[in-house]
Amino acid sequence: MALFSNPVQLILAVPMISAAVLAILPGYKLSSRINVLACLVTFLAAFSLFFIAPPAPGTYLLIDELNIVFIVLNTFVGFTASTFSASYIAHELETGRLTPIYLRFYHAMYQVMMFGMNLALTTNNIGLMWVAVEIATLSTVLMVGIYRTHEALEAAWKYFILGSVGIALALFGTILVYLSAQPVLGEGPPAMIWTNLQANAARFDPALLNLAFIFLLLGYGTKVGLAPLHAWLPDAHAEGPTPISAVLSGLLLNVALYAVLRFKMLMSANPGALDPGPMMIAMGLVSLIFAALMLYRRRDIKRLFAYSSIEHMGIIVFAFGIGGPLANFAGLLHMVMHSLTKSAIFFSVGHIAQIKGTQKISEIRGLTQSHPVLGWGLAAGVLAIAGMPPFGVFMSEFLVVSTTFDRQPILALLLVLGLLLAFGALLLRLTGFIFGEPTGSLKPSEASYVPLIAHMSLVLMAGVYLPGPMVAWFQAVARLLG
Amino acid sequence: MDRIAFDIAHLLAGGLLLVSFMMIYQDRMFSLLRVFAFHAVVLSLSVAWQAYNQNAPHLYITAAIALIFKAIIIPGALRRIVLQLDIHREVENVVGIGVTMLAGIGLSALSIVLMLRVTNTADAFAREDMAFALSVVLLGLLMMVTRRNAVSQIVGFMSLENGMILAAAGAKGMPLVVEISVAFSVLVAFIVIGVFLFRIRERFDSVDVNVMDRHRGDQR
């Protein structure tokens with residue numbers, strides 16, 4: 001078909017079409033399979049981008065070295081999370097937490113969300129990007145509230161209100177960017193296209209661009225989960241279905257981060273504009289240290305890992321704020337590692353919470369005895385996310401710390417303090433989870449371990465050996481980011 | 001540029017800001033909804049005036065959407081929700097109205113000083129509009145923060161969106177994509193809100209956010 005000659009169109013069309021199909025189809029078994037299949041096709045289409053020459057940037061679509069990394073990661077975790085979701089969701093139906101009609105809605109929304117995220121990552125238009133982030137946000141709001149318990153509704157409401165405020169600020173920033181570009185690029189659509197903006201950023205009015213970036217950083221920063229705008233994140237992670245927690249942490253935060261990075265590139269291209277670095281460093285550090293402290297007092301396992309996501313987004317934003325090829329490389333690598341590890345953790349947490357029937361940390365003990373695969377999988381995930389070698393997160397954190405010591409020794413001390421605090425909290429909790437007498441239900445898990453193991457092996461592999469072409473690719477992107 | 005055209009644009013944008021202030025001191029739900037409808041009418045006039053002056057017919061669509069959805073359908077629907085769900089008819093404020101008004105005045109002064117300073121290269125139409133728009137946005141935020149009740153938070157959010165549309169209309173030649181998307185997002189937001197309210201009703205006796213706060217997961 002001539003329409004789908006280009007994999008980018010496939011990446012966008014498949015989720016859209018399958019969302020429509022899933023909205024009509026009854027029967028959750030078939031739906032969950034179609035969901036997995038659609039995600040697989042999208043992933044394969046995204047993966048093929050590595051091998052073909054990227055299409056020339058058009059009015060609507062843009063594929064460059066930066067967003068290919070994001071798109072492939074996005075579709076890959078989307079795919080593994082959909083396979084996890086297929087084994088997770090059947091249990092929710094059995095326990096009556098969800099009814100078939102809600103499940104139909106859930107699967108359709110899953111694809112709508114994938115569509116929104118893929119559109120945000122591939123679009124060449126800042127307005128369209130904003131619309132796409134909003135689509136992704138609204139679909140996840142609905143999924144967070146899907147259990148319709150008091151807590152779920154409260155979480156969804158909070159997410160909705162804070163997310164809308166964030167997205168509204170981002171729109172204001174987008175309008176200001178247009179306003180600064182309009183005298184140079186003329187009225188109309190050309191002044192909203194990334195490639196045009198990037199090429200001409202040096203001639204934009206710096207004052208307007210500064211103001212725009214503050215709005216954009218606060219707006220999209222809300223969606224990244226940066227403190228002090230993070231309040232929605234723990235609730236949304238804890239109360240929604242676990243596949244959605246995995247997707248929120250692993251993907252949606254990255255999509256918002258991608259938007260921030262694009263605008264940061266615009267700022268760097270303008271000599272008169274503020275340096276966006278210090279703002280990002282400050283927000284990153286605050287998020288890291290705040291979240292690390294918050295990790296200590298958690299009672300709910302999903303909330304625990306939600307705060308850990310805030311912590312890691314803090315590290316990533318900090319790394320990009322420091323800037324330069326090495327720090328950008330570390331930031332990118334850390335983002336990929338965090339997505340893979342955090343979603344793997346949520347995969348195991350999801351099954352554990354289903355078996356135990358609770359998310360309370362105090363009631364989850366001795367997992368290595370009762371459920372060895374899940375227990376050790378979780379242990380590997382937590383060790384990885386806490387930054388232990390031999391996992392990939394260690395390598396990226398090490399790179400962030402060493403380049404910071406090189407450039408800003410005082411900030412490096414704060415960074416290390418945050419990392420150690422988080423490390424302590426996570427290990428403290430981990431010993432509780434995996435050792436001791438097993439408590440609660442001991443029934444065997446019917447889960448599929450494939451997504452969990454696949455993610456963890458990738459993280460392990462990245463920690464031991466990063467393939468040369470991948471390093472070269474990341475270096476190219478890091479240079480692009482400036 | 002036409003002096004009178006500029007004055008009228010100025011008047012309408014300033015009027016929008018004034019109506020935003022009116023919303024801050026309403027203490028009855030129904031009067032709040034009425035003032036919000038008025039807010040939308042002023043917005044729609046302002047956008048229509050921009051459409052006329054910029055010779056941008058697509059902005060009339062935005063004006064029509066503002067008039068039909070925001071001034072008529074949404075306040076009507078929210079009114080029905082309040083009636084059917086038997087929600088408190090009073091607007092509960094976290095802090096006193098006087099303090100909120102003072103904060104609002106401070107925010108407007110801040111945004112006007114800020115925007116006029118940074119936009120001196122843009123044309124006067126856009127400058128004034130952006131300054132007022134930012135004030136309306138900030139007042140909307142202030143309203144969301146100081147109100148306890150879910151319905152008045154929604155109204156705060158809608159007035160914030162009105163400020164956005166004023167800004168988008170003021171930015172000359174901003175592509176259609178954005179205007180439609182703004183209006184569309186409002187629609188979607190409304191659907192979401194509607195779903196929320198009705199779902200909440202199944203579980204709660206009140207749409208008071210304060211009541212919801214008690215059901216937090218992480219508290220002991």
# chains A, B, ... in the order shown; residues from 1 in each chain; ligands from 1
call {"tool": "residues_around", "arguments": {"residues": "segment 90-102 of chain A", "least_positions_apart": "4", "cutoff": "7 Å", "atoms": "only C-alpha atoms", "output": "compact mmCIF listing (two decimals) with N, CA and C atoms, in the first residue's frame"}}
result
# COMPACT_ATOMS: atom_id res chain seq x y z
N TYR A 28 -12.40 -9.93 25.94
CA TYR A 28 -11.11 -9.37 26.32
C TYR A 28 -9.94 -10.18 25.82
N ALA A 86 -1.55 -8.21 29.06
CA ALA A 86 -2.40 -9.33 28.67
C ALA A 86 -2.48 -10.37 29.79
N TYR A 106 -10.38 0.01 28.21
CA TYR A 106 -8.97 0.03 28.59
C TYR A 106 -8.07 -0.25 27.39
N TYR A 147 -10.41 1.96 37.96
CA TYR A 147 -10.94 1.09 39.02
C TYR A 147 -12.10 1.74 39.77
call {"tool": "residues_around", "arguments": {"residues": "Leu59 of chain B", "least_positions_apart": "3", "cutoff": "8 Å", "atoms": "only C-alpha atoms", "output": "number ranges by chain"}}
result
B: 47-48, 50-51, 56, 62-63, 169, 179
call {"tool": "write_last_selection", "arguments": {"atoms": "C-alpha atoms", "output": "mmCIF file, in the first residue's frame"}}
result
data_model
loop_
_atom_site.group_PDB
_atom_site.id
_atom_site.type_symbol
_atom_site.label_atom_id
_atom_site.label_comp_id
_atom_site.auth_asym_id
_atom_site.auth_seq_id
_atom_site.Cartn_x
_atom_site.Cartn_y
_atom_site.Cartn_z
ATOM 1 C CA VAL B 47 -11.608 36.791 19.322
ATOM 2 C CA ALA B 48 -14.149 37.891 16.716
ATOM 3 C CA GLN B 50 -9.220 39.958 16.255
ATOM 4 C CA ALA B 51 -10.572 37.900 13.361
ATOM 5 C CA ALA B 56 -8.361 35.867 9.569
ATOM 6 C CA THR B 62 -12.855 29.926 17.450
ATOM 7 C CA ALA B 63 -15.144 32.785 18.474
ATOM 8 C CA ALA B 169 -5.899 34.715 18.859
ATOM 9 C CA GLU B 179 -7.007 27.212 17.599
#
call {"tool": "interface_residues", "arguments": {"of": "chain A", "to": "chain B", "cutoff": "9 Å", "atoms": "only C-alpha atoms", "output": "count of residues only"}}
result
55
call {"tool": "residues_around", "arguments": {"residues": "Asn93 of chain B", "least_positions_apart": "2", "cutoff": "6 Å", "atoms": "only C-alpha atoms", "output": "short mmCIF file (atom, residue, chain, number, x, y, z; two decimals) with C-alpha atoms, in the first residue's frame"}}
result
data_model
loop_
_atom_site.label_atom_id
_atom_site.label_comp_id
_atom_site.auth_asym_id
_atom_site.auth_seq_id
_atom_site.Cartn_x
_atom_site.Cartn_y
_atom_site.Cartn_z
CA VAL B 95 -8.51 31.77 51.92
CA THR B 146 -8.22 28.80 46.21
CA ARG B 147 -11.42 26.84 45.57
#
call {"tool": "closest_atom_pairs", "arguments": {"of": "segment 23-81 of chain B", "to": "segment 14-19 of chain B", "cutoff": "7 Å", "atoms": "only C-alpha atoms", "output": "Markdown table"}}
result
| residue | atom | partner | partner_atom | distance |
| --- | --- | --- | --- | --- |
| B:Met23 | CA | B:Val19 | CA | 6.3 |
| B:His39 | CA | B:Val19 | CA | 5.8 |
| B:Val42 | CA | B:Leu16 | CA | 5.9 |
| B:Leu43 | CA | B:Leu16 | CA | 6.4 |
call {"tool": "select_by_dssp", "arguments": {"residues": "segment 163-306 of chain A", "states": "alpha helix (DSSP H)", "output": "PyMOL selection string"}}
result
chain A and resi 163-185+194-200+206-224+232-239+242-247+253-268+276-294+301-306
call {"tool": "closest_residue", "arguments": {"among": "A:Thr195, A:Ser48, A:Ser308, A:Thr75", "to": "Leu419 of chain A", "atoms": "only C-alpha atoms"}}
result
A:Ser308
call {"tool": "residues_around", "arguments": {"residues": "segment 403-408 of chain A", "least_positions_apart": "2", "cutoff": "9 Å", "atoms": "only C-alpha atoms", "output": "list in words"}}
result
Ala319, Ile322, Leu326, Ala327, Ala330, Phe398, Leu399, Val400, Val401, Ile410, Leu411, Ala412, Leu413 and Leu415 of chain A
call {"tool": "residues_around", "arguments": {"residues": "Val14 of chain A", "least_positions_apart": "3", "cutoff": "10 Å", "atoms": "only C-alpha atoms", "output": "PyMOL selection string"}}
result
chain A and resi 9-11+17-19+37-42+45+111+114-115
call {"tool": "residues_around", "arguments": {"residues": "Ala13 of chain B", "least_positions_apart": "3", "cutoff": "7 Å", "atoms": "only C-alpha atoms", "output": "list in words"}}
result
Ala9, His10, Leu16, Leu17, Ser46, Asp129 and Phe132 of chain B
call {"tool": "write_last_selection", "arguments": {"atoms": "N, CA and C atoms", "output": "short mmCIF file (atom, residue, chain, number, x, y, z; two decimals), in the first residue's frame"}}
result
data_model
loop_
_atom_site.label_atom_id
_atom_site.label_comp_id
_atom_site.auth_asym_id
_atom_site.auth_seq_id
_atom_site.Cartn_x
_atom_site.Cartn_y
_atom_site.Cartn_z
N ALA B 9 -9.99 46.39 20.75
CA ALA B 9 -9.32 45.14 21.14
C ALA B 9 -8.86 45.22 22.59
N HIS B 10 -8.31 46.39 22.90
CA HIS B 10 -7.83 46.65 24.25
C HIS B 10 -8.97 46.56 25.26
N LEU B 16 -12.15 41.13 29.65
CA LEU B 16 -12.00 39.71 30.02
C LEU B 16 -11.29 39.60 31.37
N LEU B 17 -10.27 40.41 31.53
CA LEU B 17 -9.54 40.39 32.79
C LEU B 17 -10.46 40.81 33.95
N SER B 46 -13.96 39.24 21.79
CA SER B 46 -12.57 39.65 21.61
C SER B 46 -11.93 38.90 20.45
N ASP B 129 -2.63 42.04 24.07
CA ASP B 129 -3.40 40.81 24.20
C ASP B 129 -2.66 39.79 25.05
N PHE B 132 -2.75 40.80 28.79
CA PHE B 132 -4.04 40.49 29.42
C PHE B 132 -4.25 38.99 29.52
#
call {"tool": "residues_around", "arguments": {"residues": "Phe394 of chain A", "least_positions_apart": "4", "cutoff": "10 Å", "atoms": "only C-alpha atoms", "output": "mmCIF file with all heavy atoms, in the first residue's frame"}}
result
data_model
loop_
_atom_site.group_PDB
_atom_site.id
_atom_site.type_symbol
_atom_site.label_atom_id
_atom_site.label_comp_id
_atom_site.auth_asym_id
_atom_site.auth_seq_id
_atom_site.Cartn_x
_atom_site.Cartn_y
_atom_site.Cartn_z
ATOM 1 N N HIS A 334 20.892 6.984 30.623
ATOM 2 C CA HIS A 334 20.156 6.801 31.871
ATOM 3 C C HIS A 334 18.658 6.754 31.617
ATOM 4 O O HIS A 334 17.937 5.974 32.238
ATOM 5 C CB HIS A 334 20.487 7.924 32.845
ATOM 6 C CG HIS A 334 20.068 7.623 34.240
ATOM 7 N ND1 HIS A 334 20.756 6.743 35.038
ATOM 8 C CD2 HIS A 334 19.003 8.017 34.969
ATOM 9 C CE1 HIS A 334 20.135 6.631 36.189
ATOM 10 N NE2 HIS A 334 19.077 7.391 36.186
ATOM 11 N N MET A 337 17.902 3.299 30.267
ATOM 12 C CA MET A 337 18.035 2.285 31.323
ATOM 13 C C MET A 337 16.898 2.408 32.329
ATOM 14 O O MET A 337 16.344 1.413 32.787
ATOM 15 C CB MET A 337 19.378 2.469 32.051
ATOM 16 C CG MET A 337 20.579 2.117 31.215
ATOM 17 S SD MET A 337 20.477 0.421 30.676
ATOM 18 C CE MET A 337 20.532 0.593 28.925
ATOM 19 N N LEU A 383 17.966 -3.598 42.628
ATOM 20 C CA LEU A 383 19.419 -3.375 42.666
ATOM 21 C C LEU A 383 19.849 -2.537 41.473
ATOM 22 O O LEU A 383 20.676 -1.625 41.595
ATOM 23 C CB LEU A 383 20.166 -4.713 42.654
ATOM 24 C CG LEU A 383 20.141 -5.484 43.966
ATOM 25 C CD1 LEU A 383 20.855 -6.815 43.805
ATOM 26 C CD2 LEU A 383 20.793 -4.681 45.081
ATOM 27 N N ALA A 384 19.260 -2.847 40.313
ATOM 28 C CA ALA A 384 19.631 -2.095 39.115
ATOM 29 C C ALA A 384 19.232 -0.637 39.271
ATOM 30 O O ALA A 384 20.027 0.269 39.010
ATOM 31 C CB ALA A 384 18.958 -2.706 37.892
ATOM 32 N N ILE A 385 17.991 -0.399 39.736
ATOM 33 C CA ILE A 385 17.504 0.976 39.788
ATOM 34 C C ILE A 385 18.232 1.757 40.880
ATOM 35 O O ILE A 385 18.361 2.977 40.801
ATOM 36 C CB ILE A 385 15.963 1.007 39.982
ATOM 37 C CG1 ILE A 385 15.374 2.271 39.341
ATOM 38 C CG2 ILE A 385 15.541 0.989 41.434
ATOM 39 C CD1 ILE A 385 15.235 2.182 37.884
ATOM 40 N N ALA A 386 18.726 1.046 41.908
ATOM 41 C CA ALA A 386 19.475 1.734 42.957
ATOM 42 C C ALA A 386 20.882 2.078 42.480
ATOM 43 O O ALA A 386 21.610 2.783 43.164
ATOM 44 C CB ALA A 386 19.540 0.869 44.213
ATOM 45 N N GLY A 387 21.266 1.562 41.318
ATOM 46 C CA GLY A 387 22.555 1.938 40.740
ATOM 47 C C GLY A 387 23.687 0.992 41.070
ATOM 48 O O GLY A 387 24.836 1.412 41.144
ATOM 49 N N MET A 388 23.364 -0.295 41.285
ATOM 50 C CA MET A 388 24.433 -1.255 41.566
ATOM 51 C C MET A 388 25.027 -1.745 40.243
ATOM 52 O O MET A 388 24.308 -1.957 39.275
ATOM 53 C CB MET A 388 23.868 -2.470 42.318
ATOM 54 C CG MET A 388 23.456 -2.183 43.732
ATOM 55 S SD MET A 388 24.857 -1.909 44.793
ATOM 56 C CE MET A 388 25.260 -3.603 45.185
ATOM 57 N N PRO A 389 26.356 -1.935 40.188
ATOM 58 C CA PRO A 389 26.907 -2.651 39.049
ATOM 59 C C PRO A 389 26.427 -4.095 39.114
ATOM 60 O O PRO A 389 26.040 -4.479 40.175
ATOM 61 C CB PRO A 389 28.414 -2.557 39.277
ATOM 62 C CG PRO A 389 28.580 -2.321 40.743
ATOM 63 C CD PRO A 389 27.344 -1.638 41.209
ATOM 64 N N PRO A 390 26.376 -4.901 38.164
ATOM 65 C CA PRO A 390 26.755 -4.779 36.756
ATOM 66 C C PRO A 390 25.656 -4.232 35.858
ATOM 67 O O PRO A 390 25.750 -4.421 34.659
ATOM 68 C CB PRO A 390 27.032 -6.243 36.404
ATOM 69 C CG PRO A 390 26.027 -6.985 37.218
ATOM 70 C CD PRO A 390 25.900 -6.217 38.491
ATOM 71 N N PHE A 398 27.221 6.481 36.905
ATOM 72 C CA PHE A 398 28.643 6.722 37.072
ATOM 73 C C PHE A 398 29.109 7.822 36.124
ATOM 74 O O PHE A 398 29.855 8.734 36.503
ATOM 75 C CB PHE A 398 29.414 5.423 36.819
ATOM 76 C CG PHE A 398 30.891 5.566 36.942
ATOM 77 C CD1 PHE A 398 31.486 5.625 38.196
ATOM 78 C CD2 PHE A 398 31.687 5.666 35.817
ATOM 79 C CE1 PHE A 398 32.854 5.781 38.307
ATOM 80 C CE2 PHE A 398 33.045 5.826 35.924
ATOM 81 C CZ PHE A 398 33.634 5.880 37.174
ATOM 82 N N LEU A 399 28.611 7.750 34.888
ATOM 83 C CA LEU A 399 28.992 8.771 33.905
ATOM 84 C C LEU A 399 28.495 10.153 34.331
ATOM 85 O O LEU A 399 29.218 11.136 34.227
ATOM 86 C CB LEU A 399 28.394 8.418 32.543
ATOM 87 C CG LEU A 399 29.206 7.472 31.692
ATOM 88 C CD1 LEU A 399 28.420 7.101 30.445
ATOM 89 C CD2 LEU A 399 30.513 8.132 31.294
ATOM 90 N N VAL A 400 27.249 10.209 34.827
ATOM 91 C CA VAL A 400 26.704 11.501 35.258
ATOM 92 C C VAL A 400 27.575 12.058 36.378
ATOM 93 O O VAL A 400 27.989 13.218 36.348
ATOM 94 C CB VAL A 400 25.249 11.363 35.738
ATOM 95 C CG1 VAL A 400 24.729 12.701 36.241
ATOM 96 C CG2 VAL A 400 24.344 10.861 34.643
ATOM 97 N N VAL A 459 19.010 -4.630 30.328
ATOM 98 C CA VAL A 459 19.692 -3.705 31.241
ATOM 99 C C VAL A 459 21.043 -4.279 31.650
ATOM 100 O O VAL A 459 22.049 -3.562 31.716
ATOM 101 C CB VAL A 459 18.812 -3.438 32.484
ATOM 102 C CG1 VAL A 459 19.552 -2.605 33.498
ATOM 103 C CG2 VAL A 459 17.537 -2.738 32.082
ATOM 104 N N ALA A 462 23.471 -4.018 28.737
ATOM 105 C CA ALA A 462 23.968 -2.656 28.566
ATOM 106 C C ALA A 462 25.022 -2.332 29.616
ATOM 107 O O ALA A 462 25.956 -1.579 29.358
ATOM 108 C CB ALA A 462 22.818 -1.660 28.654
ATOM 109 N N GLY A 463 24.856 -2.921 30.822
ATOM 110 C CA GLY A 463 25.826 -2.648 31.876
ATOM 111 C C GLY A 463 27.152 -3.315 31.601
ATOM 112 O O GLY A 463 28.209 -2.794 31.960
#
call {"tool": "atom_distance", "arguments": {"atom1": "atom CA of Ala131 of chain B", "atom2": "atom CA of Phe69 of chain B"}}
result
25.1 Å
call {"tool": "decode", "arguments": {"residues": "segment 351-446 of chain A", "atoms": "C-alpha atoms", "output": "PDB file, in the first residue's frame"}}
result
ATOM      1  CA  HIS A 351       2.071  -9.729  39.657  1.00  0.00           C
ATOM      2  CA  ILE A 352       3.189  -9.611  43.282  1.00  0.00           C
ATOM      3  CA  ALA A 353       0.419  -7.225  44.227  1.00  0.00           C
ATOM      4  CA  GLN A 354      -2.102  -9.461  42.476  1.00  0.00           C
ATOM      5  CA  ILE A 355      -0.912 -12.558  44.305  1.00  0.00           C
ATOM      6  CA  LYS A 356      -0.749 -10.889  47.692  1.00  0.00           C
ATOM      7  CA  GLY A 357      -3.892  -8.891  47.134  1.00  0.00           C
ATOM      8  CA  THR A 358      -2.283  -5.828  48.627  1.00  0.00           C
ATOM      9  CA  GLN A 359       0.180  -3.093  47.776  1.00  0.00           C
ATOM     10  CA  LYS A 360       1.253  -2.544  51.384  1.00  0.00           C
ATOM     11  CA  ILE A 361       5.000  -2.874  51.774  1.00  0.00           C
ATOM     12  CA  SER A 362       4.654  -4.349  55.257  1.00  0.00           C
ATOM     13  CA  GLU A 363       2.607  -7.265  53.942  1.00  0.00           C
ATOM     14  CA  ILE A 364       5.014  -8.303  51.212  1.00  0.00           C
ATOM     15  CA  ARG A 365       7.792 -10.480  52.632  1.00  0.00           C
ATOM     16  CA  GLY A 366       9.978 -13.431  51.735  1.00  0.00           C
ATOM     17  CA  LEU A 367       9.337 -13.355  48.019  1.00  0.00           C
ATOM     18  CA  THR A 368      12.450 -15.311  47.083  1.00  0.00           C
ATOM     19  CA  GLN A 369      11.086 -18.293  49.007  1.00  0.00           C
ATOM     20  CA  SER A 370       7.496 -18.187  47.864  1.00  0.00           C
ATOM     21  CA  HIS A 371       7.926 -16.878  44.320  1.00  0.00           C
ATOM     22  CA  PRO A 372      11.557 -17.237  43.264  1.00  0.00           C
ATOM     23  CA  VAL A 373      11.293 -15.801  39.759  1.00  0.00           C
ATOM     24  CA  LEU A 374       9.263 -12.769  40.785  1.00  0.00           C
ATOM     25  CA  GLY A 375      11.306 -12.275  43.948  1.00  0.00           C
ATOM     26  CA  TRP A 376      14.687 -12.424  42.282  1.00  0.00           C
ATOM     27  CA  GLY A 377      13.356 -10.461  39.314  1.00  0.00           C
ATOM     28  CA  LEU A 378      12.261  -7.713  41.669  1.00  0.00           C
ATOM     29  CA  ALA A 379      15.565  -7.921  43.528  1.00  0.00           C
ATOM     30  CA  ALA A 380      17.495  -7.550  40.274  1.00  0.00           C
ATOM     31  CA  GLY A 381      15.292  -4.647  39.259  1.00  0.00           C
ATOM     32  CA  VAL A 382      15.662  -2.824  42.572  1.00  0.00           C
ATOM     33  CA  LEU A 383      19.419  -3.375  42.666  1.00  0.00           C
ATOM     34  CA  ALA A 384      19.631  -2.095  39.115  1.00  0.00           C
ATOM     35  CA  ILE A 385      17.504   0.976  39.788  1.00  0.00           C
ATOM     36  CA  ALA A 386      19.475   1.734  42.957  1.00  0.00           C
ATOM     37  CA  GLY A 387      22.555   1.938  40.740  1.00  0.00           C
ATOM     38  CA  MET A 388      24.433  -1.255  41.566  1.00  0.00           C
ATOM     39  CA  PRO A 389      26.907  -2.651  39.049  1.00  0.00           C
ATOM     40  CA  PRO A 390      26.755  -4.779  36.756  1.00  0.00           C
ATOM     41  CA  PHE A 391      23.534  -3.193  35.531  1.00  0.00           C
ATOM     42  CA  GLY A 392      23.275  -0.438  32.944  1.00  0.00           C
ATOM     43  CA  VAL A 393      21.924   2.116  35.414  1.00  0.00           C
ATOM     44  CA  PHE A 394      25.214   1.954  37.290  1.00  0.00           C
ATOM     45  CA  MET A 395      27.101   2.864  34.172  1.00  0.00           C
ATOM     46  CA  SER A 396      24.924   5.847  33.314  1.00  0.00           C
ATOM     47  CA  GLU A 397      24.881   7.120  36.899  1.00  0.00           C
ATOM     48  CA  PHE A 398      28.643   6.722  37.072  1.00  0.00           C
ATOM     49  CA  LEU A 399      28.992   8.771  33.905  1.00  0.00           C
ATOM     50  CA  VAL A 400      26.704  11.501  35.258  1.00  0.00           C
ATOM     51  CA  VAL A 401      28.606  11.679  38.536  1.00  0.00           C
ATOM     52  CA  SER A 402      32.070  11.641  36.992  1.00  0.00           C
ATOM     53  CA  THR A 403      31.325  14.314  34.411  1.00  0.00           C
ATOM     54  CA  THR A 404      29.698  16.457  37.102  1.00  0.00           C
ATOM     55  CA  PHE A 405      32.775  16.124  39.310  1.00  0.00           C
ATOM     56  CA  ASP A 406      34.757  17.299  36.354  1.00  0.00           C
ATOM     57  CA  ARG A 407      32.582  20.332  35.639  1.00  0.00           C
ATOM     58  CA  GLN A 408      30.836  21.340  38.886  1.00  0.00           C
ATOM     59  CA  PRO A 409      32.374  19.589  41.901  1.00  0.00           C
ATOM     60  CA  ILE A 410      29.974  21.143  44.425  1.00  0.00           C
ATOM     61  CA  LEU A 411      26.891  20.055  42.520  1.00  0.00           C
ATOM     62  CA  ALA A 412      28.421  16.603  42.243  1.00  0.00           C
ATOM     63  CA  LEU A 413      28.456  16.333  46.041  1.00  0.00           C
ATOM     64  CA  LEU A 414      24.732  17.099  46.169  1.00  0.00           C
ATOM     65  CA  LEU A 415      24.104  14.632  43.379  1.00  0.00           C
ATOM     66  CA  VAL A 416      25.993  11.884  45.174  1.00  0.00           C
ATOM     67  CA  LEU A 417      24.153  12.690  48.397  1.00  0.00           C
ATOM     68  CA  GLY A 418      20.825  12.226  46.613  1.00  0.00           C
ATOM     69  CA  LEU A 419      21.957   8.995  44.996  1.00  0.00           C
ATOM     70  CA  LEU A 420      23.161   7.555  48.295  1.00  0.00           C
ATOM     71  CA  LEU A 421      19.966   8.510  50.099  1.00  0.00           C
ATOM     72  CA  ALA A 422      17.900   6.774  47.443  1.00  0.00           C
ATOM     73  CA  PHE A 423      20.203   3.784  47.446  1.00  0.00           C
ATOM     74  CA  GLY A 424      19.806   3.362  51.195  1.00  0.00           C
ATOM     75  CA  ALA A 425      16.027   3.618  51.093  1.00  0.00           C
ATOM     76  CA  LEU A 426      15.667   1.129  48.270  1.00  0.00           C
ATOM     77  CA  LEU A 427      17.979  -1.479  49.780  1.00  0.00           C
ATOM     78  CA  LEU A 428      16.233  -1.133  53.135  1.00  0.00           C
ATOM     79  CA  ARG A 429      12.907  -1.947  51.489  1.00  0.00           C
ATOM     80  CA  LEU A 430      14.364  -4.640  49.277  1.00  0.00           C
ATOM     81  CA  THR A 431      15.631  -6.785  52.149  1.00  0.00           C
ATOM     82  CA  GLY A 432      12.089  -6.736  53.525  1.00  0.00           C
ATOM     83  CA  PHE A 433      10.553  -7.795  50.231  1.00  0.00           C
ATOM     84  CA  ILE A 434      12.769 -10.689  49.374  1.00  0.00           C
ATOM     85  CA  PHE A 435      13.964 -12.159  52.676  1.00  0.00           C
ATOM     86  CA  GLY A 436      12.219 -13.347  55.806  1.00  0.00           C
ATOM     87  CA  GLU A 437       9.198 -15.558  56.274  1.00  0.00           C
ATOM     88  CA  PRO A 438       6.773 -15.365  53.372  1.00  0.00           C
ATOM     89  CA  THR A 439       3.506 -13.696  54.341  1.00  0.00           C
ATOM     90  CA  GLY A 440       0.100 -13.525  52.771  1.00  0.00           C
ATOM     91  CA  SER A 441      -1.054 -15.647  49.889  1.00  0.00           C
ATOM     92  CA  LEU A 442       1.472 -18.203  48.617  1.00  0.00           C
ATOM     93  CA  LYS A 443      -0.400 -19.300  45.545  1.00  0.00           C
ATOM     94  CA  PRO A 444       1.799 -19.717  42.512  1.00  0.00           C
ATOM     95  CA  SER A 445       1.830 -16.995  39.939  1.00  0.00           C
ATOM     96  CA  GLU A 446       0.379 -17.651  36.496  1.00  0.00           C
TER      97      GLU A 446
END
